[in-house]
$ cat my_file_37.txt   # compact mmCIF, C-alpha atoms
# COMPACT_ATOMS: atom_id res chain seq x y z
CA MET A 1 154.17 39.10 78.56
CA ALA A 2 152.71 39.32 82.03
CA GLY A 3 150.96 42.57 82.98
CA PHE A 4 152.54 43.00 86.42
CA THR A 5 153.27 46.37 88.00
CA THR A 6 154.57 47.30 91.46
CA GLU A 7 153.46 50.34 93.41
CA ILE A 8 154.97 51.96 96.49
CA ARG A 9 152.35 52.96 99.06
CA GLU A 10 152.09 54.13 102.63
CA THR A 11 151.47 51.11 104.84
CA GLN A 12 149.12 52.84 107.26
CA SER A 13 147.07 55.10 104.99
CA GLY A 14 147.26 52.90 101.88
CA ILE A 15 147.76 55.91 99.60
CA PHE A 16 149.74 55.65 96.36
CA LEU A 17 153.22 57.20 96.32
CA ASP A 18 155.01 56.05 93.16
CA ARG A 19 155.44 53.31 90.57
CA LEU A 20 159.02 52.53 89.57
CA PRO A 21 160.41 49.91 87.15
CA VAL A 22 161.96 46.89 88.86
CA GLU A 23 164.91 44.72 87.88
CA SER A 24 163.14 41.75 89.43
CA GLY A 25 160.21 41.24 91.77
CA GLU A 26 158.52 38.46 93.70
CA TRP A 27 154.94 38.19 94.98
CA GLU A 28 153.06 35.69 97.16
CA ARG A 29 149.69 34.89 98.72
CA GLY A 30 148.78 32.36 101.39
CA ASN A 31 152.06 32.31 103.36
CA PRO A 32 151.78 34.80 106.26
CA THR A 33 155.31 34.09 107.53
CA GLY A 34 157.21 34.23 104.24
CA THR A 35 159.33 37.03 102.79
CA LYS A 36 159.92 38.00 99.17
CA THR A 37 162.16 40.55 97.45
CA HIS A 38 162.12 43.25 94.79
CA VAL A 39 165.30 44.64 93.24
CA TYR A 40 165.44 48.26 92.04
CA ARG A 41 168.31 49.78 90.07
CA LEU A 42 168.95 53.30 91.29
CA GLY A 43 170.53 56.11 89.28
CA ASP A 44 169.87 59.05 87.03
CA HIS A 45 167.35 57.07 84.95
CA ASP A 46 164.75 56.98 87.74
CA GLY A 47 164.47 60.79 87.90
CA LEU A 48 164.71 60.81 91.71
CA THR A 49 167.01 62.51 94.14
CA ARG A 50 168.66 60.65 96.99
CA SER A 51 166.17 62.32 99.33
CA ASP A 52 163.27 61.10 97.15
CA ARG A 53 164.54 57.53 97.26
CA ARG A 54 165.12 57.58 101.01
CA ASP A 55 161.59 58.88 101.48
CA LEU A 56 159.99 56.28 99.20
CA PHE A 57 161.86 53.27 100.52
CA GLN A 58 161.34 52.96 104.26
CA THR A 59 160.98 49.89 106.44
CA ARG A 60 157.56 49.23 107.94
CA THR A 61 155.97 52.59 107.01
CA ARG A 62 156.04 51.83 103.25
CA MET A 63 154.77 48.79 101.39
CA LEU A 64 154.85 47.31 97.91
CA THR A 65 151.61 46.53 96.09
CA VAL A 66 151.94 44.07 93.23
CA CYS A 67 149.16 44.31 90.63
CA PHE A 68 148.17 42.28 87.60
CA ASP A 69 146.39 44.34 84.92
CA GLY A 70 145.82 47.00 87.57
CA ARG A 71 144.22 44.69 90.14
CA PRO A 72 146.05 44.05 93.44
CA ILE A 73 147.52 40.62 94.16
CA CYS A 74 149.19 41.61 97.44
CA HIS A 75 150.02 44.55 99.72
CA ARG A 76 153.31 43.78 101.53
CA PRO A 77 155.04 46.09 104.04
CA ILE A 78 158.79 46.56 103.63
CA ARG A 79 160.85 44.60 106.15
CA ASN A 80 164.49 45.18 105.12
CA LEU A 81 166.48 47.30 102.67
CA HIS A 82 169.89 46.35 101.26
CA PHE A 83 171.84 48.73 99.01
CA ASP A 84 174.74 47.37 96.97
CA ASP A 85 177.06 50.10 95.74
CA PRO A 86 178.92 48.18 92.96
CA THR A 87 175.65 47.36 91.19
CA GLN A 88 173.72 50.44 92.37
CA THR A 89 170.79 48.17 93.31
CA LEU A 90 168.41 48.30 96.23
CA THR A 91 166.99 44.96 97.37
CA VAL A 92 163.66 45.40 99.14
CA THR A 93 162.52 42.54 101.36
CA HIS A 94 158.78 42.57 102.04
CA GLU A 95 156.35 40.47 104.07
CA ASP A 96 152.67 39.63 104.52
CA ILE A 97 150.57 41.97 106.68
CA ARG A 98 150.05 39.06 109.10
CA ALA A 99 153.69 39.52 110.09
CA ARG A 100 152.56 42.73 111.84
CA GLY A 101 150.33 40.54 113.99
CA ALA A 102 153.37 38.57 115.13
CA LYS A 103 154.71 41.85 116.59
CA ARG A 104 151.47 42.85 118.32
CA LYS A 105 149.44 41.61 121.26
CA LEU A 106 145.73 42.30 121.73
CA TRP A 107 146.71 45.42 123.68
CA GLY A 108 149.06 48.19 122.68
CA THR A 109 151.85 49.39 124.95
CA GLY A 110 150.38 51.52 127.70
CA ALA A 111 147.01 49.76 127.41
CA MET A 112 147.99 46.37 128.86
CA THR A 113 148.16 45.38 132.53
CA GLN A 114 148.58 42.01 134.26
CA GLN A 115 144.81 41.96 134.73
CA SER A 116 143.96 42.69 131.09
CA MET A 117 141.58 40.12 129.64
CA PHE A 118 139.11 39.81 126.78
CA ASP A 119 136.00 37.67 127.29
CA TRP A 120 134.32 36.83 124.00
CA ARG A 121 132.16 33.90 125.08
CA GLY A 122 129.20 35.46 123.30
CA TYR A 123 130.87 35.16 119.89
CA SER A 124 131.19 32.31 117.43
CA LEU A 125 134.70 31.16 116.56
CA ARG A 126 134.47 33.24 113.38
CA GLY A 127 133.33 36.14 115.55
CA VAL A 128 136.31 35.66 117.87
CA VAL A 129 138.61 35.87 114.82
CA ARG A 130 137.05 39.19 113.84
CA GLN A 131 137.50 40.51 117.38
CA VAL A 132 141.16 39.47 117.36
CA LEU A 133 141.65 41.19 114.00
CA TYR A 134 139.95 44.35 115.24
CA TYR A 135 142.09 44.72 118.35
CA GLY A 136 145.21 43.54 116.52
CA PHE A 137 144.97 45.88 113.53
CA VAL A 138 142.22 48.48 113.88
CA HIS A 139 141.65 49.63 117.48
CA PRO A 140 142.93 53.22 118.03
CA TYR A 141 145.37 52.42 120.83
CA SER A 142 147.63 55.06 119.31
CA ALA A 143 147.96 57.00 116.06
CA ALA A 144 150.52 54.41 114.89
CA TRP A 145 148.28 51.37 115.50
CA PRO A 146 145.35 51.25 113.01
CA LEU A 147 145.70 49.85 109.50
CA ASN A 148 143.14 49.74 106.68
CA VAL A 149 141.74 46.34 107.68
CA ASP A 150 138.01 45.71 107.25
CA VAL A 151 137.28 43.04 109.87
CA GLY A 152 133.58 42.65 108.99
CA GLY A 153 130.60 42.52 111.31
CA ALA A 154 130.17 40.81 114.68
CA GLU A 155 129.16 37.14 114.69
CA THR A 156 127.54 35.88 117.88
CA GLY A 157 127.54 32.33 119.23
CA SER A 158 129.86 30.42 121.55
CA SER A 159 133.45 29.28 121.24
CA PRO A 160 136.01 27.41 123.38
CA TRP A 161 138.52 30.12 122.38
CA ALA A 162 136.67 32.87 124.18
CA GLN A 163 138.96 34.30 126.87
CA PHE A 164 142.41 35.78 126.33
CA PHE A 165 144.63 36.89 129.21
CA ALA A 166 147.50 39.35 128.93
CA TYR A 167 149.82 37.24 131.09
CA ASP A 168 149.70 34.36 128.58
CA GLY A 169 151.84 36.45 126.24
CA GLN A 170 150.06 35.44 123.03
CA THR A 171 150.46 37.55 119.93
CA VAL A 172 147.70 38.36 117.47
CA ASP A 173 149.24 36.04 114.87
CA SER A 174 149.77 33.16 117.32
CA ILE A 175 146.05 33.27 118.17
CA LEU A 176 145.07 33.39 114.49
CA SER A 177 147.42 30.49 113.70
CA MET A 178 145.94 28.42 116.53
CA VAL A 179 142.43 29.01 115.18
CA GLU A 180 143.49 28.13 111.63
CA ASP A 181 145.01 24.84 112.76
CA MET A 182 141.57 23.36 113.47
CA GLY A 183 139.05 26.08 112.78
CA PRO A 184 138.24 28.38 109.86
CA ASP A 185 140.71 29.53 107.24
CA ILE A 186 141.67 33.20 107.56
CA GLU A 187 142.97 35.62 104.95
CA LEU A 188 143.43 39.38 104.78
CA GLU A 189 142.64 39.91 101.11
CA PRO A 190 144.16 42.92 99.29
CA GLU A 191 141.74 45.40 97.75
CA PHE A 192 141.60 48.91 96.30
CA ARG A 193 138.85 51.18 97.63
CA ASN A 194 138.70 54.50 95.80
CA GLY A 195 142.36 54.05 94.93
CA VAL A 196 143.40 53.33 98.52
CA ALA A 197 144.88 50.00 99.62
CA TRP A 198 142.79 47.94 102.04
CA TRP A 199 142.76 44.43 103.44
CA ALA A 200 139.38 42.69 103.75
CA ALA A 201 139.13 39.94 106.37
CA ARG A 202 137.88 36.64 104.97
CA VAL A 203 137.00 33.94 107.49
CA GLY A 204 136.02 30.51 106.15
CA THR A 205 133.17 28.19 107.16
CA PRO A 206 135.56 26.46 107.68
CA TYR A 207 137.14 26.81 104.21
CA LEU A 208 137.49 29.92 102.11
CA THR A 209 136.02 29.88 98.61
CA GLY A 210 136.78 31.50 95.28
CA PRO A 211 136.43 31.13 91.50
CA ALA A 212 136.86 27.53 90.31
CA PHE A 213 139.23 26.32 87.59
CA GLU A 214 139.85 22.99 85.87
CA LEU A 215 143.02 22.08 84.00
CA PRO A 216 144.76 18.90 82.83
CA ILE A 217 148.31 17.88 83.69
CA ARG A 218 150.97 17.96 81.01
CA SER A 219 154.64 17.13 81.35
CA VAL A 220 155.56 20.19 79.28
CA GLY A 221 153.59 23.27 78.39
CA LYS A 222 153.71 26.79 77.08
CA PRO A 223 151.79 29.93 78.05
CA GLY A 224 148.11 29.72 77.28
CA ASP A 225 147.90 26.08 76.20
CA GLY A 226 145.52 25.29 79.07
CA ALA A 227 147.44 22.92 81.31
CA LEU A 228 149.27 22.55 84.59
CA THR A 229 152.96 21.71 84.41
CA SER A 230 155.66 20.75 86.93
CA VAL A 231 153.09 18.94 89.06
CA SER A 232 154.29 17.31 92.29
CA GLN A 233 152.58 15.76 95.30
CA ASP A 234 153.76 15.62 98.94
CA ARG A 235 152.34 13.37 101.66
CA ASN A 236 153.56 14.86 104.93
CA GLY A 237 153.31 12.65 108.02
CA GLU A 238 155.19 15.00 110.36
CA GLU A 239 152.03 15.89 112.30
CA GLN A 240 150.16 12.63 111.72
CA ALA A 241 148.84 11.77 115.17
CA THR A 242 147.35 8.82 117.02
CA GLY A 243 147.01 10.64 120.34
CA VAL A 244 146.84 14.21 121.59
CA PHE A 245 147.28 15.96 124.93
CA THR A 246 145.84 19.48 125.16
CA VAL A 247 147.48 21.53 127.90
CA GLY A 248 145.32 24.27 129.40
CA ARG A 249 145.50 26.67 132.30
CA GLY A 250 147.45 25.95 135.49
CA SER A 251 150.81 24.47 136.38
CA GLU A 252 152.30 21.33 137.96
CA GLN A 253 149.60 19.24 139.71
CA ASP A 254 146.98 21.91 139.01
CA GLN A 255 147.62 21.78 135.25
CA ARG A 256 144.49 21.17 133.16
CA ILE A 257 145.22 18.45 130.58
CA GLY A 258 142.82 17.03 127.98
CA GLN A 259 143.51 13.90 125.97
CA PHE A 260 142.21 11.72 123.17
CA GLY A 261 143.54 8.65 121.39
CA LEU A 262 142.54 7.21 118.04
CA PRO A 263 141.56 3.52 117.76
CA VAL A 264 144.41 0.99 117.70
CA SER A 265 143.72 0.42 114.00
CA TYR A 266 145.80 3.58 113.51
CA GLN A 267 149.11 1.82 113.97
CA VAL A 268 152.46 3.14 115.23
CA SER A 269 151.64 5.63 117.98
CA ALA A 270 152.64 9.28 117.75
CA ASP A 271 151.35 11.60 120.48
CA PHE A 272 151.34 15.38 120.35
CA GLU A 273 151.06 18.09 123.00
CA ILE A 274 149.08 21.17 121.99
CA PRO A 275 148.94 24.26 124.26
CA TYR A 276 145.65 26.05 124.98
CA LYS A 277 146.76 28.41 127.74
CA GLU A 278 143.48 30.30 127.87
CA ILE A 279 141.24 27.25 128.52
CA ASP A 280 140.37 26.07 132.04
CA ASP A 281 137.51 23.66 131.28
CA GLN A 282 138.39 19.95 131.23
CA ALA A 283 135.58 18.92 128.88
CA THR A 284 136.60 21.59 126.40
CA LEU A 285 140.22 20.42 126.47
CA ASN A 286 139.13 16.81 125.85
CA ALA A 287 136.95 17.92 122.93
CA LEU A 288 139.81 19.94 121.44
CA ALA A 289 142.14 16.94 121.79
CA GLN A 290 139.66 14.80 119.89
CA GLN A 291 139.20 17.44 117.21
CA TRP A 292 142.96 17.84 116.72
CA ALA A 293 143.57 14.09 116.57
CA LEU A 294 140.84 13.53 113.98
CA ALA A 295 142.10 16.44 111.89
CA HIS A 296 145.63 14.97 111.89
CA ALA A 297 144.86 11.26 111.61
CA GLU A 298 146.08 11.04 108.02
CA PRO A 299 149.13 12.55 106.28
CA ARG A 300 148.71 16.04 104.91
CA ILE A 301 148.54 15.83 101.14
CA GLN A 302 149.64 18.83 99.12
CA VAL A 303 150.02 19.27 95.39
CA SER A 304 152.18 21.89 93.70
CA ALA A 305 152.00 22.94 90.06
CA THR A 306 152.86 25.72 87.65
CA ALA A 307 150.18 27.66 85.77
CA THR A 308 150.28 30.64 83.42
CA THR A 309 148.54 34.00 83.67
CA GLN A 310 146.76 33.23 80.38
CA ASP A 311 145.10 30.16 81.90
CA ILE A 312 144.51 31.46 85.45
CA ASP A 313 144.42 35.18 86.21
CA PRO A 314 146.34 35.55 89.52
CA SER A 315 144.44 38.73 90.43
CA LEU A 316 141.09 36.86 90.20
CA LEU A 317 142.35 33.70 91.90
CA ARG A 318 141.67 33.52 95.64
CA ILE A 319 142.82 31.49 98.58
CA GLY A 320 140.12 28.82 98.73
CA SER A 321 139.52 28.63 94.97
CA MET A 322 138.78 25.07 93.83
CA LEU A 323 141.02 23.65 91.14
CA GLY A 324 140.01 20.48 89.37
CA ILE A 325 143.14 18.61 88.26
CA MET A 326 142.48 16.29 85.32
CA VAL A 327 144.70 13.20 85.57
CA ASP A 328 145.29 10.69 82.79
CA PRO A 329 144.22 7.06 83.56
CA ASN A 330 147.79 5.85 83.04
CA HIS A 331 149.41 8.27 85.47
CA ALA A 332 152.21 6.61 87.46
CA TRP A 333 151.16 7.98 90.89
CA LEU A 334 148.15 10.32 90.97
CA ASP A 335 144.58 9.00 90.99
CA PRO A 336 142.94 9.21 87.53
CA GLY A 337 140.00 11.45 86.72
CA VAL A 338 139.22 14.93 88.03
CA LYS A 339 140.25 15.50 91.63
CA GLN A 340 139.20 18.72 93.39
CA HIS A 341 141.83 20.69 95.32
CA ARG A 342 141.65 23.89 97.38
CA VAL A 343 144.20 26.56 96.57
CA ILE A 344 146.10 27.45 99.77
CA GLY A 345 148.91 29.54 98.27
CA TYR A 346 150.40 30.94 95.09
CA ALA A 347 153.49 32.92 94.21
CA GLY A 348 155.40 34.22 91.21
CA THR A 349 157.61 36.95 89.82
CA THR A 350 156.81 40.18 88.02
CA GLU A 351 158.93 39.10 85.04
CA SER A 352 157.16 35.86 84.14
CA ASP A 353 153.76 34.64 82.96
CA ASP A 354 154.33 31.43 84.93
CA PHE A 355 153.49 31.21 88.62
CA ASP A 356 153.37 28.42 91.19
CA LEU A 357 150.32 27.14 93.07
CA VAL A 358 149.93 24.97 96.16
CA PHE A 359 146.71 23.02 96.81
CA GLU A 360 145.26 20.59 99.31
CA GLU A 361 142.82 17.82 98.50
CA GLY A 362 139.22 18.21 99.55
$ encode --input "my_file_37.txt" --output "structure tokens"
Amino acid sequence: MAGFTTEIRETQSGIFLDRLPVESGEWERGNPTGTKTHVYRLGDHDGLTRSDRRDLFQTRTRMLTVCFDGRPICHRPIRNLHFDDPTQTLTVTHEDIRARGAKRKLWGTGAMTQQSMFDWRGYSLRGVVRQVLYYGFVHPYSAAWPLNVDVGGAETGSSPWAQFFAYDGQTVDSILSMVEDMGPDIELEPEFRNGVAWWAARVGTPYLTGPAFELPIRSVGKPGDGALTSVSQDRNGEEQATGVFTVGRGSEQDQRIGQFGLPVSYQVSADFEIPYKEIDDQATLNALAQQWALAHAEPRIQVSATATTQDIDPSLLRIGSMLGIMVDPNHAWLDPGVKQHRVIGYAGTTESDDFDLVFEEG
């Protein structure tokens, strides 16, 4: 049976507080906006007083760390708590650390004015990401601000995303999401350092990497028989573009607007408007429009499958790991042979050896 355990830790310091048995638990990597739940049964069997439980389970200041064979898969701050008296259960809803970035700007309260601005034109795009992560999660604006996030060293260069103004109202996560849409992949990877929980910033070039795996597809399987099961493929054309308008700084007739259209061989027009509030340069906006259009010229192809902990260790798997899917020549839909896919997310429960993966081709 799967070797999952769940620890309760302080969100800010990362120190261990307790490890309690769970009725059920969910874990996830690669989805910064998603929530998962753990269910704890309270009562005399846990050896805790009401005061102990209220101290352990707190929103935001406590987090759950899910481990496999003692290695962390995720550190997830608690978002909500729901106690049900008839069943004496506490349902703990938890979220990715990136969700903190959706509640923070690049300046803490008391540190931001209408004139506040960061100018990082001397950094590469990867370097800009590390600056955003530093001010979003590490800078000592107040005692309540810093988290154990290792943002890595400075990376110099030049980037079109180089100036950020307070009056644009962007959050840390909205900036990171904008970069991810066309730039490098970003992950805050869970680690233990001397028994303390940390997140290490990984910024791709442009993709993240990790240990590679290769497995065949089988319609049915059992733990450890070396195959992927429940395989499905989605071709998503929701953001498939033929033209793009990039909207920069200004308003009305002074609005800066870039644009780019794909050749007419890409039939059935679909134009998109993408905001870049911090950019004032016309050439940069045109280049970004071209980059976005080319990145979205084809449907987004994703593959989902189920693996087992015996075949792929989820604590060693990483966002960016390459998975070679071996497809039979007579498959009804998928291309035959070995096709390489990048892992972009995976999730499971603490009660099962099976867990789900999501990949993209390329």
$ atom_distance --input "my_file_37.txt" --atom1 "atom CA of A:Arg130" --atom2 "atom CA of A:Arg29"
20.2 Å
$ residues_around --input "my_file_37.txt" --residues "A:Ala241" --least-positions-apart "4" --cutoff "7 Å" --atoms "all atoms listed in the file" --output "PyMOL selection string"
chain A and resi 270-272+293+296-297
$ write_last_selection --input "my_file_37.txt" --atoms "C-alpha atoms" --output "PDB file, keeping the file's coordinate frame"
ATOM      1  CA  ALA A 270     152.640   9.280 117.750  1.00  0.00           C
ATOM      2  CA  ASP A 271     151.350  11.600 120.480  1.00  0.00           C
ATOM      3  CA  PHE A 272     151.340  15.380 120.350  1.00  0.00           C
ATOM      4  CA  ALA A 293     143.570  14.090 116.570  1.00  0.00           C
ATOM      5  CA  HIS A 296     145.630  14.970 111.890  1.00  0.00           C
ATOM      6  CA  ALA A 297     144.860  11.260 111.610  1.00  0.00           C
TER       7      ALA A 297
END
$ residues_around --input "my_file_37.txt" --residues "A:Leu208" --least-positions-apart "4" --cutoff "7 Å" --atoms "all atoms listed in the file" --output "PyMOL selection string"
chain A and resi 185+203-204+319-320
$ residues_around --input "my_file_37.txt" --residues "stretch 132-135 of chain A" --least-positions-apart "3" --cutoff "9 Å" --atoms "all atoms listed in the file" --output "ChimeraX atom specification"
/A:101,105-108,127-129,138-141,149-151,172,175-176,201
$ closest_residue --input "my_file_37.txt" --among "A:Ile312, A:Asp356, A:Phe137, A:Gly47" --to "A:Thr171" --atoms "all atoms listed in the file"
A:Phe137
$ closest_residue --input "my_file_37.txt" --among "A:Thr65, A:Gln233, A:Ser315, A:Thr209" --to "A:Ile344" --atoms "all atoms listed in the file"
A:Thr209
$ closest_residue --input "my_file_37.txt" --among "A:Leu90, A:Ala227, A:Ala212, A:Ala111" --to "A:Arg342" --atoms "all atoms listed in the file"
A:Ala212
$ residues_around --input "my_file_37.txt" --residues "A:Ala307" --least-positions-apart "4" --cutoff "9 Å" --atoms "only C-alpha atoms" --output "ChimeraX atom specification"
/A:223-224,226-230,311-312,353-357
$ residues_around --input "my_file_37.txt" --residues "A:Phe260" --least-positions-apart "4" --cutoff "10 Å" --atoms "only C-alpha atoms" --output "PyMOL selection string"
chain A and resi 242-246+271+285-294
$ atom_distance --input "my_file_37.txt" --atom1 "atom CA of A:Glu187" --atom2 "atom CA of A:His75"
12.5 Å
$ closest_residue --input "my_file_37.txt" --among "A:Gln255, A:Gln170, A:Thr6, A:Thr11" --to "A:Pro72" --atoms "only C-alpha atoms"
A:Thr6
